[in-house]
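entry.cif, holding mmCIF, C-alpha atoms:
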```cif
data_work
loop_
_atom_site.label_atom_id
_atom_site.label_comp_id
_atom_site.auth_asym_id
_atom_site.auth_seq_id
_atom_site.Cartn_x
_atom_site.Cartn_y
_atom_site.Cartn_z
CA MET C 1 52.30 -23.94 -73.52
CA PRO C 2 51.66 -27.59 -74.48
CA GLU C 3 49.98 -28.36 -77.80
CA LYS C 4 46.29 -29.27 -77.93
CA ILE C 5 45.10 -32.80 -77.29
CA ASN C 6 44.84 -34.97 -80.44
CA LEU C 7 41.87 -37.06 -81.59
CA LYS C 8 43.39 -40.33 -80.33
CA GLU C 9 43.85 -38.87 -76.85
CA GLN C 10 40.30 -37.47 -76.91
CA THR C 11 38.94 -40.90 -77.86
CA GLU C 12 40.93 -42.55 -75.06
CA LEU C 13 39.51 -40.10 -72.52
CA PHE C 14 35.96 -40.54 -73.82
CA LEU C 15 36.29 -44.35 -73.59
CA GLN C 16 37.62 -44.06 -70.04
CA TRP C 17 34.75 -41.73 -69.14
CA PHE C 18 32.17 -44.08 -70.73
CA LEU C 19 33.50 -47.25 -69.04
CA GLY C 20 33.73 -45.43 -65.72
CA GLN C 21 30.10 -44.37 -65.86
CA LEU C 22 29.08 -47.88 -66.87
CA VAL C 23 30.49 -49.39 -63.67
CA ILE C 24 29.99 -46.48 -61.24
CA LEU C 25 26.86 -47.97 -59.64
CA PRO C 26 28.14 -51.49 -58.78
CA LEU C 27 31.75 -50.40 -58.16
CA GLY C 28 30.76 -47.27 -56.24
CA PHE C 29 28.30 -49.13 -54.01
CA VAL C 30 30.87 -51.81 -53.12
CA ILE C 31 33.54 -49.21 -52.27
CA ILE C 32 31.24 -46.92 -50.30
CA ALA C 33 29.64 -49.89 -48.46
CA TYR C 34 33.12 -51.11 -47.48
CA LEU C 35 34.20 -47.66 -46.29
CA THR C 36 30.92 -46.96 -44.46
CA TYR C 37 30.07 -50.35 -42.92
CA GLY C 38 33.40 -52.19 -43.06
CA LEU C 39 35.79 -49.46 -42.01
CA LYS C 40 33.09 -47.32 -40.38
CA TYR C 41 34.29 -44.05 -41.85
CA ARG C 42 32.15 -40.99 -41.18
CA ILE C 43 32.28 -37.45 -42.56
CA ARG C 44 31.09 -34.52 -40.50
CA GLU C 45 28.61 -32.06 -42.02
CA LEU C 46 28.15 -34.26 -45.09
CA LYS C 47 24.94 -32.54 -46.21
CA ARG C 48 26.50 -29.09 -46.06
CA LEU C 49 29.56 -30.26 -48.02
CA ARG C 50 27.47 -31.89 -50.75
CA LYS C 51 25.25 -28.83 -51.07
CA GLN C 52 28.32 -26.58 -51.35
CA TYR C 53 29.88 -28.86 -53.99
CA ARG C 54 26.61 -29.13 -55.96
CA GLU C 55 26.37 -25.35 -56.15
CA ILE C 56 30.01 -24.98 -57.25
CA ILE C 57 29.89 -27.77 -59.82
CA HIS C 58 26.70 -26.40 -61.36
CA SER C 59 28.81 -23.93 -63.35
CA LYS C 60 30.97 -25.40 -66.11
CA GLN C 61 33.72 -22.86 -65.53
CA PRO C 62 37.01 -24.78 -65.03
CA ILE C 63 37.49 -25.97 -61.49
CA LEU C 64 40.44 -27.58 -59.76
CA ILE C 65 40.08 -29.23 -56.37
CA ALA C 66 43.27 -28.77 -54.34
CA SER C 67 43.60 -30.75 -51.16
CA ASN C 68 46.15 -31.58 -48.49
CA HIS C 69 47.30 -35.19 -48.69
CA LEU C 70 47.71 -37.62 -45.78
CA THR C 71 46.55 -41.05 -46.93
CA MET C 72 46.48 -43.13 -50.13
CA ILE C 73 42.69 -42.98 -50.35
CA ASP C 74 42.18 -39.23 -49.88
CA SER C 75 40.66 -38.98 -53.38
CA ILE C 76 38.10 -41.65 -52.55
CA ILE C 77 37.21 -39.93 -49.25
CA LEU C 78 36.70 -36.70 -51.22
CA HIS C 79 34.44 -38.51 -53.70
CA MET C 80 32.51 -39.88 -50.74
CA ALA C 81 32.21 -36.38 -49.28
CA PHE C 82 31.05 -34.52 -52.38
CA ASN C 83 28.27 -36.74 -53.77
CA SER C 84 26.45 -40.05 -53.37
CA VAL C 85 27.01 -42.98 -55.77
CA VAL C 86 23.57 -42.39 -57.28
CA GLY C 87 24.35 -38.68 -57.54
CA TYR C 88 27.54 -39.47 -59.45
CA PHE C 89 25.66 -41.86 -61.76
CA PHE C 90 23.14 -39.18 -62.75
CA ASN C 91 25.77 -36.44 -62.89
CA TYR C 92 28.95 -38.29 -63.81
CA ARG C 93 30.68 -34.99 -64.54
CA SER C 94 30.61 -34.24 -60.81
CA LEU C 95 33.06 -37.11 -60.14
CA SER C 96 36.40 -35.35 -60.29
CA TRP C 97 39.36 -36.60 -62.28
CA ASN C 98 42.57 -37.42 -60.43
CA MET C 99 46.26 -37.54 -61.11
CA PRO C 100 47.60 -40.52 -59.10
CA ALA C 101 51.33 -41.28 -59.01
CA ARG C 102 52.06 -44.11 -61.47
CA GLU C 103 54.83 -45.48 -59.24
CA VAL C 104 52.27 -46.00 -56.44
CA PHE C 105 49.06 -46.96 -58.23
CA GLY C 106 50.46 -48.44 -61.45
CA THR C 107 52.23 -51.38 -59.82
CA ASN C 108 49.17 -53.35 -58.73
CA TRP C 109 46.55 -54.40 -61.31
CA ARG C 110 43.65 -53.81 -58.89
CA TRP C 111 44.69 -50.21 -58.27
CA LYS C 112 45.42 -49.82 -61.97
CA TYR C 113 41.86 -50.77 -63.01
CA LEU C 114 40.28 -48.93 -60.09
CA THR C 115 42.09 -45.69 -60.89
CA TYR C 116 41.31 -46.07 -64.62
CA LEU C 117 37.59 -46.55 -63.95
CA GLY C 118 37.67 -43.79 -61.32
CA LYS C 119 38.58 -41.05 -63.83
CA SER C 120 42.33 -40.92 -63.26
CA ILE C 121 45.27 -39.88 -65.40
CA PRO C 122 48.39 -41.45 -63.90
CA VAL C 123 51.48 -39.29 -63.71
CA ASP C 124 55.09 -40.38 -63.38
CA ARG C 125 56.41 -37.76 -60.96
CA ASN C 126 59.97 -38.27 -62.19
CA GLY C 127 58.92 -38.58 -65.82
CA SER C 128 60.16 -36.59 -68.80
CA ARG C 129 58.94 -33.13 -69.80
CA GLU C 130 57.11 -34.78 -72.75
CA HIS C 131 55.21 -37.04 -70.35
CA HIS C 132 54.28 -34.12 -68.07
CA ASP C 133 53.20 -32.06 -71.10
CA LYS C 134 50.94 -34.90 -72.23
CA VAL C 135 49.31 -35.09 -68.78
CA LEU C 136 48.98 -31.29 -68.73
CA ARG C 137 47.31 -31.32 -72.17
CA LYS C 138 44.74 -33.87 -71.06
CA THR C 139 44.09 -32.02 -67.79
CA MET C 140 43.51 -28.72 -69.55
CA PHE C 141 41.22 -30.37 -72.12
CA LEU C 142 39.08 -31.85 -69.36
CA LEU C 143 39.00 -28.64 -67.32
CA LYS C 144 37.81 -26.68 -70.35
CA LYS C 145 35.01 -29.23 -70.79
CA GLY C 146 33.87 -28.37 -67.25
CA GLU C 147 35.20 -31.57 -65.68
CA PRO C 148 36.50 -31.02 -62.13
CA PHE C 149 40.04 -32.18 -61.45
CA THR C 150 41.58 -33.04 -58.07
CA ILE C 151 45.23 -32.23 -57.44
CA PHE C 152 47.40 -32.57 -54.37
CA PRO C 153 49.82 -29.62 -54.58
CA GLU C 154 52.31 -31.32 -52.25
CA GLY C 155 52.89 -33.96 -54.94
CA GLY C 156 52.55 -36.82 -52.49
CA ARG C 157 51.48 -37.62 -48.97
CA THR C 158 53.06 -35.17 -46.58
CA ARG C 159 55.63 -36.91 -44.40
CA THR C 160 55.36 -34.34 -41.62
CA GLY C 161 51.62 -34.76 -41.13
CA LYS C 162 51.16 -31.08 -41.89
CA ILE C 163 51.25 -29.12 -45.14
CA ASP C 164 54.85 -29.29 -46.31
CA ILE C 165 55.90 -26.22 -48.31
CA GLN C 166 59.28 -27.85 -49.10
CA ASN C 167 57.60 -30.49 -51.26
CA VAL C 168 55.11 -28.26 -53.04
CA ARG C 169 55.40 -28.54 -56.81
CA TYR C 170 54.18 -25.81 -59.09
CA GLY C 171 52.10 -28.06 -61.35
CA ILE C 172 48.77 -26.62 -60.22
CA GLY C 173 50.00 -23.10 -60.97
CA SER C 174 51.18 -24.27 -64.38
CA ILE C 175 47.69 -25.62 -65.18
CA ILE C 176 45.93 -22.43 -64.03
CA SER C 177 48.43 -20.28 -65.90
CA ASN C 178 48.14 -22.25 -69.14
CA LEU C 179 44.33 -22.18 -69.21
CA ASP C 180 43.21 -19.23 -71.30
CA THR C 181 40.16 -18.77 -69.12
CA ASP C 182 39.53 -18.10 -65.42
CA CYS C 183 40.02 -21.15 -63.26
CA ARG C 184 38.40 -21.62 -59.89
CA VAL C 185 40.16 -23.61 -57.18
CA LEU C 186 38.25 -25.39 -54.46
CA CYS C 187 40.77 -25.61 -51.60
CA VAL C 188 39.96 -28.59 -49.40
CA TYR C 189 41.42 -29.35 -46.00
CA MET C 190 40.64 -32.88 -44.84
CA ARG C 191 41.79 -34.81 -41.81
CA GLY C 192 40.60 -37.78 -39.81
CA ASP C 193 40.31 -37.13 -36.07
CA GLY C 194 42.91 -39.80 -35.36
CA GLN C 195 45.28 -38.88 -38.20
CA GLU C 196 48.50 -37.62 -36.63
CA GLN C 197 51.03 -38.41 -39.39
CA TYR C 198 50.71 -39.66 -42.97
CA SER C 199 49.62 -43.28 -43.51
CA ASN C 200 48.47 -45.65 -46.25
CA PHE C 201 44.89 -45.73 -44.96
CA PRO C 202 42.92 -43.83 -42.32
CA LYS C 203 42.22 -45.67 -39.07
CA LYS C 204 39.14 -47.88 -38.77
CA GLY C 205 36.19 -45.95 -37.36
CA GLU C 206 37.70 -42.63 -38.44
CA THR C 207 35.56 -39.48 -38.54
CA PHE C 208 36.69 -36.90 -41.07
CA TYR C 209 36.74 -33.14 -40.83
CA ILE C 210 36.47 -31.67 -44.35
CA LYS C 211 36.34 -27.96 -45.11
CA ALA C 212 36.16 -26.50 -48.62
CA ASP C 213 36.78 -22.93 -49.70
CA LEU C 214 36.53 -21.57 -53.26
CA ILE C 215 39.23 -19.15 -54.44
CA HIS C 216 40.09 -17.50 -57.77
CA PRO C 217 43.91 -17.32 -58.02
CA LYS C 218 45.24 -14.47 -60.18
CA THR C 219 48.68 -13.15 -61.04
CA ASP C 220 50.35 -10.57 -63.28
CA ALA C 221 53.54 -12.65 -63.47
CA THR C 222 54.45 -14.83 -66.46
CA GLY C 223 56.21 -18.17 -67.02
CA ILE C 224 57.38 -20.26 -64.08
CA ARG C 225 57.14 -17.20 -61.84
CA ALA C 226 53.37 -17.23 -62.50
CA HIS C 227 53.25 -20.98 -61.78
CA ARG C 228 54.88 -20.35 -58.40
CA ASP C 229 52.70 -17.36 -57.59
CA LEU C 230 49.43 -19.15 -58.41
CA THR C 231 50.46 -22.33 -56.61
CA MET C 232 51.43 -20.42 -53.48
CA GLN C 233 48.03 -18.67 -53.37
CA VAL C 234 46.44 -22.13 -53.20
CA VAL C 235 48.95 -23.56 -50.73
CA ASN C 236 48.75 -20.50 -48.46
CA ARG C 237 44.97 -20.90 -48.33
CA LEU C 238 45.41 -24.57 -47.42
CA GLU C 239 47.88 -23.58 -44.70
CA ASP C 240 45.35 -21.11 -43.28
CA MET C 241 42.71 -23.84 -43.32
CA GLU C 242 45.08 -26.18 -41.50
CA LYS C 243 45.73 -23.49 -38.89
CA GLU C 244 41.97 -23.05 -38.44
CA TYR C 245 41.66 -26.82 -37.97
CA PHE C 246 44.28 -27.02 -35.24
CA GLU C 247 42.87 -23.96 -33.48
CA THR C 248 39.47 -25.60 -33.20
CA HIS C 249 40.21 -29.32 -32.99
CA ASN C 250 42.11 -31.63 -30.75
CA PRO C 251 44.13 -33.75 -33.18
CA SER C 252 44.07 -36.75 -30.85
CA GLY C 253 40.28 -36.72 -31.04
CA GLU C 254 39.88 -36.76 -27.29
CA MET F 1 81.99 -11.30 -64.34
CA THR F 2 84.44 -14.21 -64.10
CA GLU F 3 83.46 -17.86 -63.96
CA ASN F 4 84.59 -18.08 -60.33
CA GLU F 5 82.51 -15.05 -59.34
CA ILE F 6 79.46 -16.62 -60.98
CA LYS F 7 80.18 -19.91 -59.21
CA ASP F 8 80.43 -18.19 -55.82
CA LYS F 9 77.07 -16.50 -56.37
CA VAL F 10 75.49 -19.76 -57.57
CA VAL F 11 76.67 -21.53 -54.40
CA GLU F 12 75.38 -18.64 -52.28
CA ILE F 13 71.95 -18.91 -53.95
CA LEU F 14 71.88 -22.68 -53.45
CA LYS F 15 72.83 -22.53 -49.74
CA PRO F 16 69.29 -22.19 -48.27
CA TYR F 17 68.13 -25.22 -50.30
CA VAL F 18 71.09 -27.53 -49.60
CA ARG F 19 70.41 -30.43 -47.24
CA ASN F 20 73.88 -32.00 -47.41
CA THR F 21 75.92 -29.06 -46.16
CA ASP F 22 79.04 -31.27 -45.77
CA ASN F 23 79.46 -31.32 -49.56
CA LEU F 24 79.08 -27.55 -49.76
CA GLY F 25 82.70 -27.05 -48.70
CA SER F 26 84.09 -29.01 -51.64
CA VAL F 27 81.91 -27.76 -54.46
CA SER F 28 83.28 -28.17 -57.99
CA ASN F 29 81.81 -27.85 -61.47
CA SER F 30 80.89 -31.54 -61.43
CA THR F 31 78.97 -31.31 -58.14
CA HIS F 32 75.42 -32.55 -58.82
CA ILE F 33 72.82 -30.21 -57.35
CA ILE F 34 70.27 -32.90 -56.48
CA THR F 35 72.37 -35.98 -55.69
CA ASP F 36 75.47 -34.38 -54.10
CA LEU F 37 73.96 -31.33 -52.44
CA GLU F 38 70.58 -33.01 -51.88
CA VAL F 39 68.57 -30.02 -52.99
CA ASN F 40 64.89 -31.04 -53.12
CA SER F 41 64.00 -31.44 -56.82
CA SER F 42 60.76 -29.51 -56.19
CA ARG F 43 62.83 -26.49 -55.16
CA LEU F 44 64.95 -26.37 -58.34
CA VAL F 45 62.37 -24.01 -59.86
CA ASP F 46 62.99 -21.58 -56.98
CA VAL F 47 66.73 -21.83 -57.57
CA ILE F 48 66.30 -21.02 -61.27
CA LEU F 49 64.08 -18.04 -60.42
CA ALA F 50 66.74 -16.84 -57.97
CA PHE F 51 69.34 -17.09 -60.78
CA GLU F 52 67.06 -14.95 -62.96
CA ASP F 53 66.76 -12.30 -60.25
CA GLU F 54 70.43 -12.27 -59.28
CA PHE F 55 71.90 -12.20 -62.79
CA ASP F 56 69.03 -10.39 -64.52
CA ILE F 57 68.57 -13.16 -67.09
CA GLU F 58 65.67 -15.21 -68.43
CA VAL F 59 65.77 -19.00 -68.34
CA SER F 60 63.41 -21.11 -70.46
CA ASP F 61 61.90 -24.39 -69.20
CA GLU F 62 64.14 -26.35 -71.57
CA GLU F 63 67.27 -24.57 -70.33
CA ALA F 64 66.22 -25.12 -66.73
CA ASP F 65 65.84 -28.86 -67.38
CA LYS F 66 69.49 -29.05 -68.46
CA VAL F 67 70.86 -27.58 -65.22
CA GLN F 68 72.02 -30.57 -63.18
CA THR F 69 75.48 -29.63 -61.91
CA ILE F 70 77.12 -26.46 -60.62
CA GLY F 71 79.07 -26.35 -63.91
CA ASP F 72 75.82 -26.51 -65.94
CA ALA F 73 74.45 -23.56 -63.96
CA VAL F 74 77.63 -21.50 -64.33
CA ALA F 75 77.88 -22.21 -68.08
CA MET F 76 74.23 -21.30 -68.68
CA ILE F 77 74.50 -18.05 -66.70
CA LYS F 78 77.83 -17.10 -68.34
CA ALA F 79 76.28 -17.52 -71.79
CA LYS F 80 73.44 -15.16 -70.89
CA ILE F 81 75.17 -12.24 -69.15
#
```

Would you put the structure from the file into structure tokens?
Amino acid sequence: MPEKINLKEQTELFLQWFLGQLVILPLGFVIIAYLTYGLKYRIRELKRLRKQYREIIHSKQPILIASNHLTMIDSIILHMAFNSVVGYFFNYRSLSWNMPAREVFGTNWRWKYLTYLGKSIPVDRNGSREHHDKVLRKTMFLLKKGEPFTIFPEGGRTRTGKIDIQNVRYGIGSIISNLDTDCRVLCVYMRGDGQEQYSNFPKKGETFYIKADLIHPKTDATGIRAHRDLTMQVVNRLEDMEKEYFETHNPSGE
Amino acid sequence: MTENEIKDKVVEILKPYVRNTDNLGSVSNSTHIITDLEVNSSRLVDVILAFEDEFDIEVSDEEADKVQTIGDAVAMIKAKI
């Protein structure tokens, strides 16, 4: 189990949190206006989703948000789905933290600042154990403070367009296992009507289907076996949600 | 159990995860599990857990990190059984 977060790391996270809240109104409005009026993105059953999220986030019990991953801006679409910009300003805790891949978002200064101000902790997927332990420490610290955290269990955008078990990493199970308290997982299946494969961005005019289901993964196993067991409970739920999607929706949107 | 017997079992365990099956026929101790056999790095954890089950051993995270070649796997298992 990684050591606890030190004072310097706590201060860094607090500063990031503070600066993020400071700019959430102007930055959030610009982003949401661009997505809503520029790219004409729509989310079905938005009110129901926000009500469900509000009820879940009300408790400060640790919560991870685990979603399938098809485009580079999935985290932003989820932010858009779960609360309004004003809602995030008045309840900044409800904006979930993210773990973007440093090799994708750390190469461009715009993405770098945007992810920093959008409550993100970049992770180098091929980084050392020390680096992953540091990210894990920060994640657990935030979860224990009641801050929601979004994770994509597949590690990256799925190349097949469907949940790809072959690329699932057991990081989410490791986090749940290392927390010494119960951790809830909000499994989220999201997909634009016109999204057939993975892409950088969803198509213009896209309407999103988003379904969320709260689970409480548990296991009697220990070590990496527990990480696998807990991760697979989450991924299997996501697979079921994907199956439900394809049973009820025409992926071509016709 | 001899080193060769361990190696045979290691290769057998790796088989379902190997994407470059051409290299499977010429496996040696220096064969790299990820680069030569093209085993998905995300699946290495499953391979380690399969080693634990097959040889009735326990592998720590640090030990698992050091397993890169067939020879590394064989040496680690031999030291534990």

> Which residues of chain C are close to chain F, meaning at most 12 Å apart when you count all atoms listed in the file, and how do they look as an MDAnalysis selection string?
Replying inline: chainID C and resid 1:2 125:126 128:130 133 153:156 164:171 174 222:229

>> Assuming the chain letters and numbering stay as they are in my file, what does the PyMOL selection byres ((chain C and resi 9) around 12) actually select? List them as number ranges by chain.
In response: C: 4-8, 10-16, 121, 134-135, 137-139, 141-142

Dump C-alpha atoms for the selected residues as a PDB file, keeping the file's coordinate frame?
```pdb
ATOM      1  CA  LYS C   4      46.290 -29.270 -77.930  1.00  0.00           C
ATOM      2  CA  ILE C   5      45.100 -32.800 -77.290  1.00  0.00           C
ATOM      3  CA  ASN C   6      44.840 -34.970 -80.440  1.00  0.00           C
ATOM      4  CA  LEU C   7      41.870 -37.060 -81.590  1.00  0.00           C
ATOM      5  CA  LYS C   8      43.390 -40.330 -80.330  1.00  0.00           C
ATOM      6  CA  GLN C  10      40.300 -37.470 -76.910  1.00  0.00           C
ATOM      7  CA  THR C  11      38.940 -40.900 -77.860  1.00  0.00           C
ATOM      8  CA  GLU C  12      40.930 -42.550 -75.060  1.00  0.00           C
ATOM      9  CA  LEU C  13      39.510 -40.100 -72.520  1.00  0.00           C
ATOM     10  CA  PHE C  14      35.960 -40.540 -73.820  1.00  0.00           C
ATOM     11  CA  LEU C  15      36.290 -44.350 -73.590  1.00  0.00           C
ATOM     12  CA  GLN C  16      37.620 -44.060 -70.040  1.00  0.00           C
ATOM     13  CA  ILE C 121      45.270 -39.880 -65.400  1.00  0.00           C
ATOM     14  CA  LYS C 134      50.940 -34.900 -72.230  1.00  0.00           C
ATOM     15  CA  VAL C 135      49.310 -35.090 -68.780  1.00  0.00           C
ATOM     16  CA  ARG C 137      47.310 -31.320 -72.170  1.00  0.00           C
ATOM     17  CA  LYS C 138      44.740 -33.870 -71.060  1.00  0.00           C
ATOM     18  CA  THR C 139      44.090 -32.020 -67.790  1.00  0.00           C
ATOM     19  CA  PHE C 141      41.220 -30.370 -72.120  1.00  0.00           C
ATOM     20  CA  LEU C 142      39.080 -31.850 -69.360  1.00  0.00           C
TER      21      LEU C 142
END
```

> For this file, the PyMOL selection byres ((chain F and resi 79) around 12) selects which residues, as number ranges by chain?
Replying inline: F: 1-3, 6, 55, 57-59, 63, 72-78, 80-81

Keeping only C-alpha atoms, write the selected residues as a short mmCIF file (atom, residue, chain, number, x, y, z; two decimals), in the frame of the given file.
```
data_model
loop_
_atom_site.label_atom_id
_atom_site.label_comp_id
_atom_site.auth_asym_id
_atom_site.auth_seq_id
_atom_site.Cartn_x
_atom_site.Cartn_y
_atom_site.Cartn_z
CA MET F 1 81.99 -11.30 -64.34
CA THR F 2 84.44 -14.21 -64.10
CA GLU F 3 83.46 -17.86 -63.96
CA ILE F 6 79.46 -16.62 -60.98
CA PHE F 55 71.90 -12.20 -62.79
CA ILE F 57 68.57 -13.16 -67.09
CA GLU F 58 65.67 -15.21 -68.43
CA VAL F 59 65.77 -19.00 -68.34
CA GLU F 63 67.27 -24.57 -70.33
CA ASP F 72 75.82 -26.51 -65.94
CA ALA F 73 74.45 -23.56 -63.96
CA VAL F 74 77.63 -21.50 -64.33
CA ALA F 75 77.88 -22.21 -68.08
CA MET F 76 74.23 -21.30 -68.68
CA ILE F 77 74.50 -18.05 -66.70
CA LYS F 78 77.83 -17.10 -68.34
CA LYS F 80 73.44 -15.16 -70.89
CA ILE F 81 75.17 -12.24 -69.15
#
```

> To one decimal place, how far is CA of Asp124 in chain C from CA of Trp17 in chain C in Å?
Replying inline: 21.2 Å

>> Rounded to one decimal, what separation in Å do you get between CA of Ser59 in chain C and CA of Tyr245 in chain C?
In response: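 For CA of Ser59 in chain C relative to CA of Tyr245 in chain C, the distance reads 28.6 Å.
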
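CA of Leu238 in chain C to CA of Phe51 in chain F spans 28.4 Å [interatomic distance, one decimal].
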
>> Just checking: using all atoms listed in the file, which residue out of F:Asp22, F:Asp36, F:Asp8, F:Glu52 ends up closest to Gln68 in chain F?
In response: F:Asp36

Please enumerate the residues selected by the PyMOL selection byres ((chain C and resi 216) around 6) when evaluated against the supplied file, formatted as a JSON list (two decimals) with C-alpha atoms, in the frame of the given file.
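Below you can see part-v5.json, which holds the result:
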```
[["chain", "number", "residue", "atom", "x", "y", "z"],
["C", 184, "ARG", "CA", 38.40, -21.62, -59.89],
["C", 215, "ILE", "CA", 39.23, -19.15, -54.44],
["C", 217, "PRO", "CA", 43.91, -17.32, -58.02]]
```

Please produce range 17-28 of chain F, completed to N, CA and C atoms, as an mmCIF file, keeping the file's coordinate frame.
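For reference, out.cif as written:
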```cif
data_model
loop_
_atom_site.group_PDB
_atom_site.id
_atom_site.type_symbol
_atom_site.label_atom_id
_atom_site.label_comp_id
_atom_site.auth_asym_id
_atom_site.auth_seq_id
_atom_site.Cartn_x
_atom_site.Cartn_y
_atom_site.Cartn_z
ATOM 1 N N TYR F 17 68.847 -24.021 -49.844
ATOM 2 C CA TYR F 17 68.130 -25.220 -50.300
ATOM 3 C C TYR F 17 68.928 -26.505 -50.086
ATOM 4 N N VAL F 18 70.212 -26.368 -49.725
ATOM 5 C CA VAL F 18 71.090 -27.530 -49.600
ATOM 6 C C VAL F 18 70.821 -28.288 -48.300
ATOM 7 N N ARG F 19 70.638 -29.627 -48.439
ATOM 8 C CA ARG F 19 70.410 -30.430 -47.240
ATOM 9 C C ARG F 19 71.695 -31.146 -46.797
ATOM 10 N N ASN F 20 72.598 -31.401 -47.764
ATOM 11 C CA ASN F 20 73.880 -32.000 -47.410
ATOM 12 C C ASN F 20 74.944 -30.902 -47.371
ATOM 13 N N THR F 21 75.017 -30.213 -46.259
ATOM 14 C CA THR F 21 75.920 -29.060 -46.160
ATOM 15 C C THR F 21 77.393 -29.486 -46.114
ATOM 16 N N ASP F 22 77.655 -30.778 -45.800
ATOM 17 C CA ASP F 22 79.040 -31.270 -45.770
ATOM 18 C C ASP F 22 79.699 -31.119 -47.145
ATOM 19 N N ASN F 23 78.917 -31.380 -48.192
ATOM 20 C CA ASN F 23 79.460 -31.320 -49.560
ATOM 21 C C ASN F 23 79.604 -29.883 -50.065
ATOM 22 N N LEU F 24 79.054 -28.938 -49.315
ATOM 23 C CA LEU F 24 79.080 -27.550 -49.760
ATOM 24 C C LEU F 24 80.511 -26.973 -49.727
ATOM 25 N N GLY F 25 81.326 -27.529 -48.833
ATOM 26 C CA GLY F 25 82.700 -27.050 -48.700
ATOM 27 C C GLY F 25 83.601 -27.450 -49.848
ATOM 28 N N SER F 26 83.212 -28.517 -50.560
ATOM 29 C CA SER F 26 84.090 -29.010 -51.640
ATOM 30 C C SER F 26 83.385 -28.968 -53.002
ATOM 31 N N VAL F 27 82.681 -27.880 -53.211
ATOM 32 C CA VAL F 27 81.910 -27.760 -54.460
ATOM 33 C C VAL F 27 82.832 -27.576 -55.666
ATOM 34 N N SER F 28 82.554 -28.348 -56.728
ATOM 35 C CA SER F 28 83.280 -28.170 -57.990
ATOM 36 C C SER F 28 82.249 -28.108 -59.116
#
```
